[in-house]
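K.L.:
Compact mmCIF, C-alpha atoms, file run18.txt:
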```
# COMPACT_ATOMS: atom_id res chain seq x y z
CA MET A 1 -17.57 -10.26 -11.95
CA THR A 2 -15.63 -9.25 -8.84
CA ARG A 3 -14.54 -5.64 -8.61
CA LYS A 4 -10.85 -5.24 -9.33
CA PHE A 5 -8.75 -4.24 -6.34
CA THR A 6 -7.62 -0.84 -7.62
CA ASP A 7 -11.18 0.09 -8.60
CA ASN A 8 -12.25 0.01 -4.94
CA GLY A 9 -10.77 3.01 -3.12
CA PHE A 10 -7.26 4.50 -3.35
CA LEU A 11 -3.74 3.42 -2.40
CA THR A 12 -1.60 5.34 0.05
CA MET A 13 2.16 5.92 0.26
CA GLY A 14 4.57 6.35 3.14
CA TYR A 15 8.04 7.90 2.78
CA GLU A 16 11.29 7.42 4.68
CA CYS A 17 13.74 10.15 3.66
CA GLU A 18 17.36 9.82 4.82
CA PHE A 19 19.76 12.75 4.83
CA THR A 20 22.82 14.21 6.52
CA GLY A 21 23.82 17.72 7.61
CA LEU A 22 21.15 18.13 10.32
CA THR A 23 20.78 16.37 13.64
CA GLN A 24 17.41 15.09 14.82
CA SER A 25 16.92 18.04 17.16
CA GLU A 26 17.93 20.55 14.47
CA THR A 27 15.56 18.92 11.99
CA LEU A 28 12.63 18.99 14.37
CA ARG A 29 13.34 22.60 15.32
CA GLU A 30 13.29 23.69 11.67
CA LEU A 31 10.09 21.79 10.92
CA ILE A 32 8.32 23.28 13.95
CA ALA A 33 9.49 26.79 13.05
CA ASN A 34 7.98 26.37 9.58
CA GLY A 35 4.74 24.73 10.74
CA LEU A 36 5.67 21.44 9.07
CA ASP A 37 6.06 19.10 12.05
CA PHE A 38 3.42 16.70 10.71
CA VAL A 39 6.09 14.03 10.22
CA TRP A 40 8.29 11.97 12.54
CA VAL A 41 12.03 12.52 12.93
CA THR A 42 14.35 9.68 13.87
CA ARG A 43 17.97 8.59 13.56
CA ASP A 44 19.24 6.66 10.55
CA VAL A 45 22.31 4.49 11.08
CA SER A 46 23.69 4.70 7.54
CA CYS A 47 23.05 8.37 6.77
CA GLY A 48 22.40 10.32 9.97
CA THR A 49 18.82 11.56 10.18
CA GLU A 50 15.53 10.33 8.75
CA VAL A 51 12.16 11.97 8.29
CA VAL A 52 9.28 9.49 8.24
CA PHE A 53 6.02 10.63 6.67
CA PRO A 54 2.61 9.34 7.71
CA PRO A 55 0.66 7.34 5.11
CA LEU A 56 -0.68 9.78 2.52
CA PRO A 57 -2.91 9.55 -0.55
CA ILE A 58 -1.02 9.55 -3.83
CA TYR A 59 -2.24 12.94 -5.06
CA GLU A 60 -1.12 16.52 -5.53
CA ARG A 61 -1.87 17.80 -2.02
CA SER A 62 0.41 15.15 -0.53
CA PHE A 63 3.21 15.95 -2.96
CA ASP A 64 2.87 19.67 -2.22
CA PHE A 65 3.31 18.88 1.47
CA VAL A 66 6.36 16.74 0.66
CA ARG A 67 7.81 19.59 -1.40
CA LYS A 68 7.44 22.06 1.49
CA VAL A 69 9.11 19.68 3.94
CA TYR A 70 12.03 19.01 1.59
CA GLU A 71 12.53 22.68 0.79
CA CYS A 72 12.56 23.45 4.51
CA LEU A 73 15.17 20.76 5.17
CA GLU A 74 17.38 21.77 2.26
CA ASN A 75 17.27 25.45 3.23
CA ALA A 76 18.30 24.47 6.77
CA GLY A 77 21.34 22.56 5.53
CA ALA A 78 20.15 18.99 4.93
CA ARG A 79 22.23 17.20 2.31
CA ILE A 80 22.15 13.89 0.45
CA ASN A 81 25.14 11.58 0.02
CA THR A 82 25.54 8.16 -1.57
CA ASN A 83 24.73 6.40 1.71
CA CYS A 84 21.25 7.90 1.75
CA GLY A 85 18.15 6.18 0.44
CA HIS A 86 14.54 7.21 -0.02
CA HIS A 87 12.17 4.34 0.74
CA VAL A 88 8.56 4.20 -0.41
CA HIS A 89 5.89 2.12 1.32
CA ILE A 90 2.71 1.30 -0.62
CA SER A 91 -0.40 0.21 1.28
CA ASN A 92 -1.61 -3.34 0.73
CA ARG A 93 -5.21 -2.19 1.26
CA THR A 94 -7.10 0.64 -0.40
CA VAL A 95 -8.83 3.38 1.59
CA ILE A 96 -12.58 3.03 1.04
CA ASN A 97 -14.20 5.00 3.87
CA ALA A 98 -12.62 8.42 3.47
CA THR A 99 -11.94 10.94 0.76
CA LYS A 100 -8.31 11.73 -0.03
CA ASP A 101 -8.57 15.07 1.77
CA GLU A 102 -10.14 13.47 4.85
CA PHE A 103 -7.46 10.82 5.00
CA PHE A 104 -4.69 13.41 4.52
CA GLU A 105 -6.03 15.48 7.44
CA ASP A 106 -6.36 12.48 9.74
CA ALA A 107 -2.92 11.06 8.90
CA THR A 108 -1.00 14.32 9.26
CA ASN A 109 -2.81 15.29 12.48
CA ARG A 110 -1.89 11.92 13.97
CA ALA A 111 1.76 12.45 13.03
CA HIS A 112 1.63 15.92 14.58
CA SER A 113 0.36 14.59 17.91
CA THR A 114 2.45 11.41 18.27
CA GLU A 115 6.09 10.40 18.61
CA TYR A 116 8.00 8.08 16.28
CA ASN A 117 7.85 5.29 18.87
CA SER A 118 4.15 5.73 19.65
CA ASP A 119 1.80 2.78 19.23
CA SER A 120 0.69 2.12 15.66
CA ASP A 121 -2.99 2.47 16.66
CA ARG A 122 -2.32 6.09 17.57
CA LYS A 123 0.08 6.87 14.74
CA TYR A 124 -1.82 5.54 11.73
CA PRO A 125 -5.41 5.74 10.47
CA SER A 126 -6.83 2.24 10.76
CA GLY A 127 -9.90 0.05 11.09
CA ASP A 128 -12.79 0.28 8.68
CA LEU A 129 -11.22 3.14 6.74
CA PHE A 130 -9.60 0.38 4.70
CA GLY A 131 -10.94 -2.32 2.44
CA ASP A 132 -9.62 -5.83 2.04
CA VAL A 133 -5.99 -6.86 1.54
CA MET A 134 -4.86 -6.89 -2.09
CA PRO A 135 -4.92 -10.23 -3.94
CA PHE A 136 -1.75 -12.29 -3.73
CA GLU A 137 -1.72 -12.61 -7.52
CA LEU A 138 -1.53 -8.83 -7.86
CA VAL A 139 1.42 -8.55 -5.49
CA LYS A 140 3.27 -11.38 -7.21
CA ASP A 141 2.83 -9.90 -10.69
CA VAL A 142 4.00 -6.44 -9.61
CA VAL A 143 7.11 -7.92 -7.99
CA TYR A 144 7.75 -10.05 -11.09
CA ARG A 145 7.46 -7.09 -13.45
CA TYR A 146 9.74 -4.98 -11.25
CA GLY A 147 12.32 -7.77 -11.09
CA ILE A 148 12.53 -8.58 -14.80
CA ASN A 149 12.70 -4.85 -15.55
CA GLN A 150 15.34 -4.04 -12.95
CA PRO A 151 18.03 -3.25 -15.56
CA GLU A 152 15.71 -0.53 -16.91
CA ILE A 153 14.90 0.68 -13.41
CA ASN A 154 18.64 0.95 -12.69
CA ARG A 155 18.97 3.39 -15.60
CA MET A 156 16.54 5.88 -14.02
CA LEU A 157 18.12 5.82 -10.54
CA ALA A 158 21.52 6.91 -9.26
CA PRO A 159 24.33 4.39 -9.95
CA SER A 160 24.84 4.09 -6.18
CA ARG A 161 21.50 2.24 -5.95
CA SER A 162 22.48 -0.59 -8.29
CA ASN A 163 23.97 -3.63 -6.56
CA ASN A 164 23.65 -1.75 -3.29
CA THR A 165 23.71 -3.90 -0.14
CA HIS A 166 20.80 -1.88 1.30
CA CYS A 167 18.55 -2.55 -1.71
CA GLN A 168 19.82 -5.72 -3.36
CA THR A 169 18.60 -6.61 -6.82
CA ILE A 170 15.69 -9.04 -7.16
CA GLU A 171 16.17 -9.61 -10.91
CA ARG A 172 17.40 -13.19 -10.47
CA ASN A 173 15.03 -13.95 -7.59
CA VAL A 174 11.85 -13.60 -9.67
CA ILE A 175 12.83 -16.22 -12.25
CA THR A 176 13.41 -19.06 -9.78
CA ASP A 177 11.15 -22.07 -9.28
CA GLU A 178 10.62 -20.93 -5.69
CA PHE A 179 9.18 -17.65 -6.91
CA ARG A 180 7.10 -19.21 -9.70
CA ASN A 181 5.62 -21.77 -7.31
CA SER A 182 4.93 -19.35 -4.46
CA SER A 183 1.27 -19.17 -3.42
CA SER A 184 1.40 -17.07 -0.24
CA ILE A 185 3.04 -13.85 0.93
CA LEU A 186 5.41 -15.82 3.17
CA GLU A 187 6.54 -18.01 0.26
CA LEU A 188 6.88 -14.93 -1.95
CA GLN A 189 8.92 -13.18 0.73
CA ASN A 190 11.25 -16.16 1.05
CA ALA A 191 11.78 -16.19 -2.71
CA VAL A 192 12.35 -12.44 -3.07
CA GLN A 193 14.32 -12.03 0.18
CA PRO A 194 16.25 -15.33 0.41
CA ASP A 195 18.21 -14.23 3.49
CA ARG A 196 14.92 -13.03 5.06
CA GLY A 197 16.51 -9.63 5.62
CA LYS A 198 14.91 -6.35 4.60
CA PHE A 199 17.76 -5.05 2.43
CA TRP A 200 16.25 -5.87 -0.96
CA ALA A 201 14.77 -3.64 -3.66
CA ILE A 202 11.32 -4.82 -2.52
CA ASN A 203 10.54 -6.31 0.86
CA PHE A 204 7.53 -7.51 2.86
CA HIS A 205 8.69 -6.86 6.41
CA GLY A 206 5.85 -4.39 6.91
CA TRP A 207 3.13 -6.57 5.33
CA GLN A 208 1.54 -7.44 8.67
CA SER A 209 2.80 -4.69 10.99
CA LYS A 210 2.23 -1.73 8.66
CA ASN A 211 0.07 -3.25 5.90
CA THR A 212 2.62 -2.10 3.33
CA ILE A 213 5.07 -3.26 0.69
CA GLU A 214 8.39 -1.42 0.81
CA PHE A 215 10.27 -0.26 -2.31
CA ARG A 216 13.81 0.58 -1.19
CA GLN A 217 15.78 1.26 -4.35
CA HIS A 218 15.38 5.01 -4.86
CA GLN A 219 18.40 7.11 -3.93
CA GLY A 220 18.22 9.73 -1.23
CA THR A 221 16.62 12.92 -2.51
CA LEU A 222 15.06 16.18 -1.40
CA SER A 223 13.43 16.62 -4.80
CA LYS A 224 9.65 16.35 -4.82
CA ASP A 225 9.68 15.87 -8.60
CA LYS A 226 11.99 12.86 -8.48
CA ILE A 227 10.05 11.06 -5.77
CA PHE A 228 6.72 12.01 -7.37
CA ALA A 229 7.69 10.34 -10.64
CA TRP A 230 9.03 7.27 -8.82
CA THR A 231 5.87 6.92 -6.73
CA LYS A 232 3.59 7.30 -9.75
CA LEU A 233 5.61 4.64 -11.56
CA ILE A 234 5.12 2.23 -8.64
CA GLU A 235 1.42 3.05 -8.31
CA ASN A 236 0.95 2.39 -12.02
CA LEU A 237 2.57 -1.05 -11.67
CA PHE A 238 -0.33 -2.06 -9.43
CA ILE A 239 -3.01 -0.46 -11.59
CA TRP A 240 -1.74 -1.98 -14.83
CA SER A 241 -1.26 -5.47 -13.40
CA ASP A 242 -4.69 -5.37 -11.79
CA ASN A 243 -6.58 -4.09 -14.81
CA GLU A 244 -4.65 -5.63 -17.70
CA ARG A 245 -2.92 -8.79 -16.49
CA LEU A 246 -5.28 -10.45 -14.00
CA HIS A 247 -8.53 -12.32 -14.58
CA TYR A 248 -11.25 -12.16 -11.91
CA GLU A 249 -13.88 -14.88 -11.98
CA GLN A 250 -16.51 -16.02 -9.49
CA ALA A 251 -16.50 -19.69 -8.53
CA ASP A 252 -17.50 -22.11 -5.79
CA GLU A 253 -21.05 -20.98 -5.05
CA LEU A 254 -21.61 -20.16 -1.40
CA PRO A 255 -24.14 -22.21 0.59
CA GLU A 256 -27.38 -20.44 1.35
CA MET A 257 -27.11 -21.32 5.06
CA PRO A 258 -23.99 -23.09 6.42
CA PHE A 259 -24.91 -22.41 10.08
CA ARG A 260 -27.86 -23.11 12.36
CA PRO A 261 -30.37 -20.48 11.16
CA THR A 262 -31.16 -19.34 14.72
CA SER A 263 -27.52 -18.97 15.79
CA ARG A 264 -25.81 -15.59 15.75
CA ASN A 265 -23.68 -16.72 12.83
CA GLY A 266 -26.81 -17.93 11.06
CA VAL A 267 -28.66 -14.63 11.51
CA ALA A 268 -25.61 -12.65 10.38
CA TRP A 269 -25.15 -14.90 7.33
CA ARG A 270 -28.79 -14.47 6.27
CA MET A 271 -28.52 -10.68 6.58
CA CYS A 272 -25.29 -10.50 4.57
CA TYR A 273 -26.62 -13.00 2.02
CA ASP A 274 -29.29 -10.47 1.06
CA ASP A 275 -28.50 -8.61 -2.16
CA ASN A 276 -28.05 -5.37 -0.19
CA GLY A 277 -25.89 -6.98 2.49
CA ALA A 278 -25.85 -5.69 6.06
CA SER A 279 -24.06 -2.83 7.78
CA VAL A 280 -22.07 -3.17 10.99
CA GLN A 281 -24.78 -1.23 12.81
CA GLU A 282 -27.56 -3.47 11.45
CA LEU A 283 -25.68 -6.57 12.57
CA MET A 284 -25.08 -5.05 16.00
CA ASP A 285 -28.76 -4.18 16.40
CA ALA A 286 -30.02 -7.58 15.26
CA ILE A 287 -27.54 -9.78 17.10
CA GLY A 288 -26.13 -7.80 20.04
CA TRP A 289 -22.58 -7.82 18.74
CA ASN A 290 -20.03 -5.01 19.01
CA PRO A 291 -17.91 -3.91 16.01
CA ASN A 292 -15.07 -6.25 16.98
CA ASN A 293 -17.46 -9.22 17.00
CA VAL A 294 -18.58 -8.30 13.48
CA ARG A 295 -15.04 -7.98 12.12
CA ARG A 296 -13.94 -11.23 13.76
CA THR A 297 -16.92 -13.09 12.27
CA ILE A 298 -16.27 -11.71 8.77
CA SER A 299 -12.62 -12.74 9.11
CA GLU A 300 -13.67 -16.27 10.11
CA TRP A 301 -16.01 -16.51 7.12
CA ARG A 302 -13.20 -15.47 4.79
CA THR A 303 -10.90 -18.08 6.26
CA ARG A 304 -13.53 -20.78 5.75
CA PHE A 305 -15.07 -19.74 2.43
CA GLY A 306 -12.29 -17.75 0.74
CA ASP A 307 -10.80 -14.27 1.05
CA ASN A 308 -13.17 -12.84 -1.56
CA SER A 309 -16.35 -14.50 -0.31
CA VAL A 310 -17.34 -11.22 1.37
CA THR A 311 -17.21 -7.76 -0.18
CA THR A 312 -16.60 -4.73 2.04
CA VAL A 313 -18.69 -1.74 0.94
CA SER A 314 -17.68 1.77 2.01
CA GLN A 315 -19.78 3.81 4.40
CA GLN A 316 -20.11 6.60 1.81
CA ASN A 317 -22.18 4.22 -0.29
CA ASN A 318 -24.45 3.61 2.70
CA GLY A 319 -25.29 7.17 3.70
CA GLY A 320 -22.40 7.58 6.12
CA HIS A 321 -19.59 10.11 6.20
CA TYR A 322 -16.01 10.14 7.42
CA GLY A 323 -16.06 10.64 11.17
CA ASP A 324 -19.44 8.96 11.64
CA GLY A 325 -17.66 5.90 13.00
CA GLU A 326 -17.22 2.40 11.68
CA THR A 327 -20.80 1.17 11.88
CA PHE A 328 -21.87 2.33 8.41
CA THR A 329 -19.51 -0.09 6.68
CA LYS A 330 -21.46 -2.87 4.97
CA TYR A 331 -20.66 -6.50 4.19
CA VAL A 332 -22.18 -8.36 1.27
CA LEU A 333 -21.73 -12.09 0.65
CA ASN A 334 -20.72 -12.95 -2.89
CA LYS A 335 -23.36 -15.60 -3.56
CA ASN A 336 -21.45 -17.03 -6.50
CA GLY A 337 -18.52 -17.66 -4.20
CA SER A 338 -14.99 -16.52 -3.64
CA ALA A 339 -13.33 -14.90 -6.63
CA VAL A 340 -10.73 -16.95 -8.44
CA ILE A 341 -7.97 -14.58 -9.53
CA THR A 342 -5.45 -15.77 -12.08
CA LEU A 343 -2.84 -14.31 -14.40
CA LEU A 344 -4.20 -13.99 -17.90
CA PRO A 345 -2.68 -16.22 -20.60
CA GLU A 346 0.37 -14.69 -22.25
CA ASN A 347 -1.50 -14.00 -25.49
CA ARG A 348 -4.17 -12.01 -23.60
CA ALA A 349 -2.24 -10.40 -20.76
CA GLY A 350 -1.07 -6.82 -20.98
CA GLN A 351 2.64 -6.37 -21.54
CA THR A 352 5.13 -6.62 -18.67
CA SER A 353 6.82 -3.27 -19.37
CA ILE A 354 7.04 -0.94 -16.36
CA TYR A 355 5.96 1.87 -18.69
CA ALA A 356 2.69 0.25 -19.80
CA GLY A 357 -0.22 2.54 -18.97
CA LEU A 358 2.02 5.23 -17.45
CA ASP A 359 1.00 8.86 -17.97
CA ASP A 360 2.94 10.58 -20.76
CA ASP A 361 4.29 13.35 -18.52
CA ILE A 362 5.74 10.85 -16.02
CA PHE A 363 7.21 8.78 -18.87
CA GLU A 364 8.87 11.86 -20.36
CA TYR A 365 10.26 12.95 -16.98
CA ILE A 366 11.81 9.52 -16.42
CA GLN A 367 13.34 9.50 -19.90
CA GLN A 368 14.90 12.90 -19.21
CA ARG A 369 16.32 11.56 -15.92
CA ILE A 370 17.86 8.62 -17.81
CA ILE A 371 19.52 11.03 -20.25
CA GLU A 372 20.87 13.17 -17.40
CA LEU A 373 22.26 10.16 -15.55
CA GLN A 374 24.04 8.93 -18.67
CA ARG A 375 25.97 12.16 -19.06
```
Written as structure tokens, how would this file's structure read?
P.N.:
Amino acid sequence: MTRKFTDNGFLTMGYECEFTGLTQSETLRELIANGLDFVWVTRDVSCGTEVVFPPLPIYERSFDFVRKVYECLENAGARINTNCGHHVHISNRTVINATKDEFFEDATNRAHSTEYNSDSDRKYPSGDLFGDVMPFELVKDVVYRYGINQPEINRMLAPSRSNNTHCQTIERNVITDEFRNSSSILELQNAVQPDRGKFWAINFHGWQSKNTIEFRQHQGTLSKDKIFAWTKLIENLFIWSDNERLHYEQADELPEMPFRPTSRNGVAWRMCYDDNGASVQELMDAIGWNPNNVRRTISEWRTRFGDNSVTTVSQQNNGGHYGDGETFTKYVLNKNGSAVITLLPENRAGQTSIYAGLDDDIFEYIQQRIIELQR
């Protein structure tokens, strides 16, 4: 049985917080004065100023950092109006080669030492820190559940974020034939974002460039508690769909040797076909490749034999540690073949509710928000 996506590493989040009342230079000055300039500051057309956070693990240390930044901004005069939004990006790959603390340190230090317009390679942790891209079926089910539950989602957010041109509803888009028949991210994007613009409750504009899915519907806020609950709700959508609504099954047995045995591809295949697989360093030593050669070859194998024909194993499981470099990462061929991932039959699949599997404290917080918004 193939390991479920959310069982292999942890997801990360990225925030874009829009506000008014402070210029970019004033915002940066306040953050520097309080030792919190581990974010990027840029201009937002609709609201005024925007603070962009680096990708962070979804855990308490990250939320404590968010709280300190928001308290600093609010104390300096930042304000929220109905034009402001608070966007949340969720990574489409889990982090497998770092602990949450290690990733937090790397990500915030990069933000501290780069500008908003710096190259992505400098701004964001990358490379073999991450595992494989999430299954299409997982993305599609999360988007579907969000869409059919959008009336409930509207109840927990400010009225200004319903039928808003900057985060248009996807409720009708997920019940079309185009959505139901979609089998790739591009087809899904066309169904969810029919005008191909980014101003929808969920969009995929950062799928390739940032390796993220963007959730745009939350109203502007400087409240850590509000954005914490919203982020945990989104994270749980992925966990519940992955664990309770998808079926993972091995199929299409891989050939024992599809290449000339003495070729570089043949030697690499034999090493990865072993039950223990082969690390990047082992492949480099045996074949004379560099890390880019290894990654390119693994990518070619996945294209030919299926995305899940090769499992990426973290360096921690191979005696390596964060900072040791990328060569401890290991690749293991799934001899039984690429995993076939399907939605479970309706009578076996977990329910579509956005609250399914959600922690009680988050559920109760959201219900209290709904009551407050109804007053």
K.L.:
Considering all atoms listed in the file, give me a table of residues in segment 176-226 of chain A that are at most 9 Å from segment 128-142 of chain A, with the closest atom pair and distance in Å for each, as a Markdown table.
P.N.:
```
| residue | atom | partner | partner_atom | distance |
| --- | --- | --- | --- | --- |
| A:Phe179 | CA | A:Lys140 | CA | 8.6 |
| A:Ser182 | CA | A:Lys140 | CA | 8.6 |
| A:Ser183 | CA | A:Phe136 | CA | 7.5 |
| A:Ser184 | CA | A:Phe136 | CA | 6.7 |
| A:Ile185 | CA | A:Phe136 | CA | 6.9 |
| A:Leu188 | CA | A:Lys140 | CA | 7.3 |
| A:Asn211 | CA | A:Val133 | CA | 8.3 |
| A:Ile213 | CA | A:Val139 | CA | 8.9 |
```
K.L.:
Closest to Tyr70 of chain A among A:Arg245, A:Arg348, A:Lys335, A:Lys226, using all atoms listed in the file?
P.N.:
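Smallest distance to Tyr70 of chain A is found for A:Lys226.
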K.L.:
Just the number, please: distance in Å from atom CA of Gly277 of chain A to atom CA of Ser126 of chain A, one decimal.
P.N.:
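That distance, rounded to one decimal, is 22.7 Å.
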K.L.:
Could you pull the residues within 8 Å of segment 103-111 of chain A, counting all atoms listed in the file, minus those fewer than 3 positions along the same chain, as a list in words?
P.N.:
Asp37, Phe38, Val39, Trp40, Phe53, Pro54, Pro55, Leu56, Pro57, Ser62, Ala98, Thr99, Lys100, Thr114, Glu115, Arg122, Lys123, Tyr124 and Pro125 of chain A
K.L.:
Between A:Glu16, A:Glu249, A:Glu364, A:Asp285, single out the one closest to Leu344 of chain A, counting all atoms listed in the file.
P.N.:
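For Leu344 of chain A, the nearest of the candidates is A:Glu249.
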K.L.:
With the cut-off set at 10 Å and counting only C-alpha atoms, tabulate each residue of segment 58-160 of chain A with an atom at most that distance from an atom of segment 369-372 of chain A, showing the nearest atom pair and its distance in Å to one decimal, ordered by chain and increasing number, as a tab-separated table.
P.N.:
```
residue	atom	partner	partner_atom	distance
A:Glu152	CA	A:Ile370	CA	9.4
A:Ile153	CA	A:Ile370	CA	9.5
A:Asn154	CA	A:Ile370	CA	9.3
A:Arg155	CA	A:Ile370	CA	5.8
A:Met156	CA	A:Ile370	CA	4.9
A:Leu157	CA	A:Ile370	CA	7.8
A:Ala158	CA	A:Ile370	CA	9.5
```
K.L.:
Kindly give the distance, in Å, that separates atom CA of His166 of chain A and atom CA of Pro194 of chain A, rounded to a single decimal.
P.N.:
14.2 Å
K.L.:
Measure the distance from atom CA of Ala201 of chain A to atom CA of Gly14 of chain A in Å and round it to one decimal.
P.N.:
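Calculated distance between atom CA of Ala201 of chain A and atom CA of Gly14 of chain A is 15.8 Å.
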K.L.:
Which of these, A:Tyr248, A:Tyr144, A:Phe215, A:Tyr273, has the shortest distance to Ile354 of chain A once you count only C-alpha atoms?
P.N.:
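Selected residue with least distance to Ile354 of chain A: A:Tyr144.
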K.L.:
For Glu178 of chain A, which residue among A:Phe10, A:Asp275, A:Ile202, A:Asn190 is the nearest when counting all atoms listed in the file?
P.N.:
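For Glu178 of chain A, the nearest of the given residues is A:Asn190.
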K.L.:
Tell me which of A:Gly85, A:Gly9, A:Pro345, A:Gly288 sits closest to Cys167 of chain A, counting all atoms listed in the file.
P.N.:
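For Cys167 of chain A, the nearest of the candidates is A:Gly85.
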K.L.:
From the options A:Lys68, A:His112, A:His218, A:Arg93, which residue's atoms come nearest to Arg161 of chain A, counting only C-alpha atoms?
P.N.:
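Nearest candidate to Arg161 of chain A out of A:Lys68, A:His112, A:His218, A:Arg93: A:His218.
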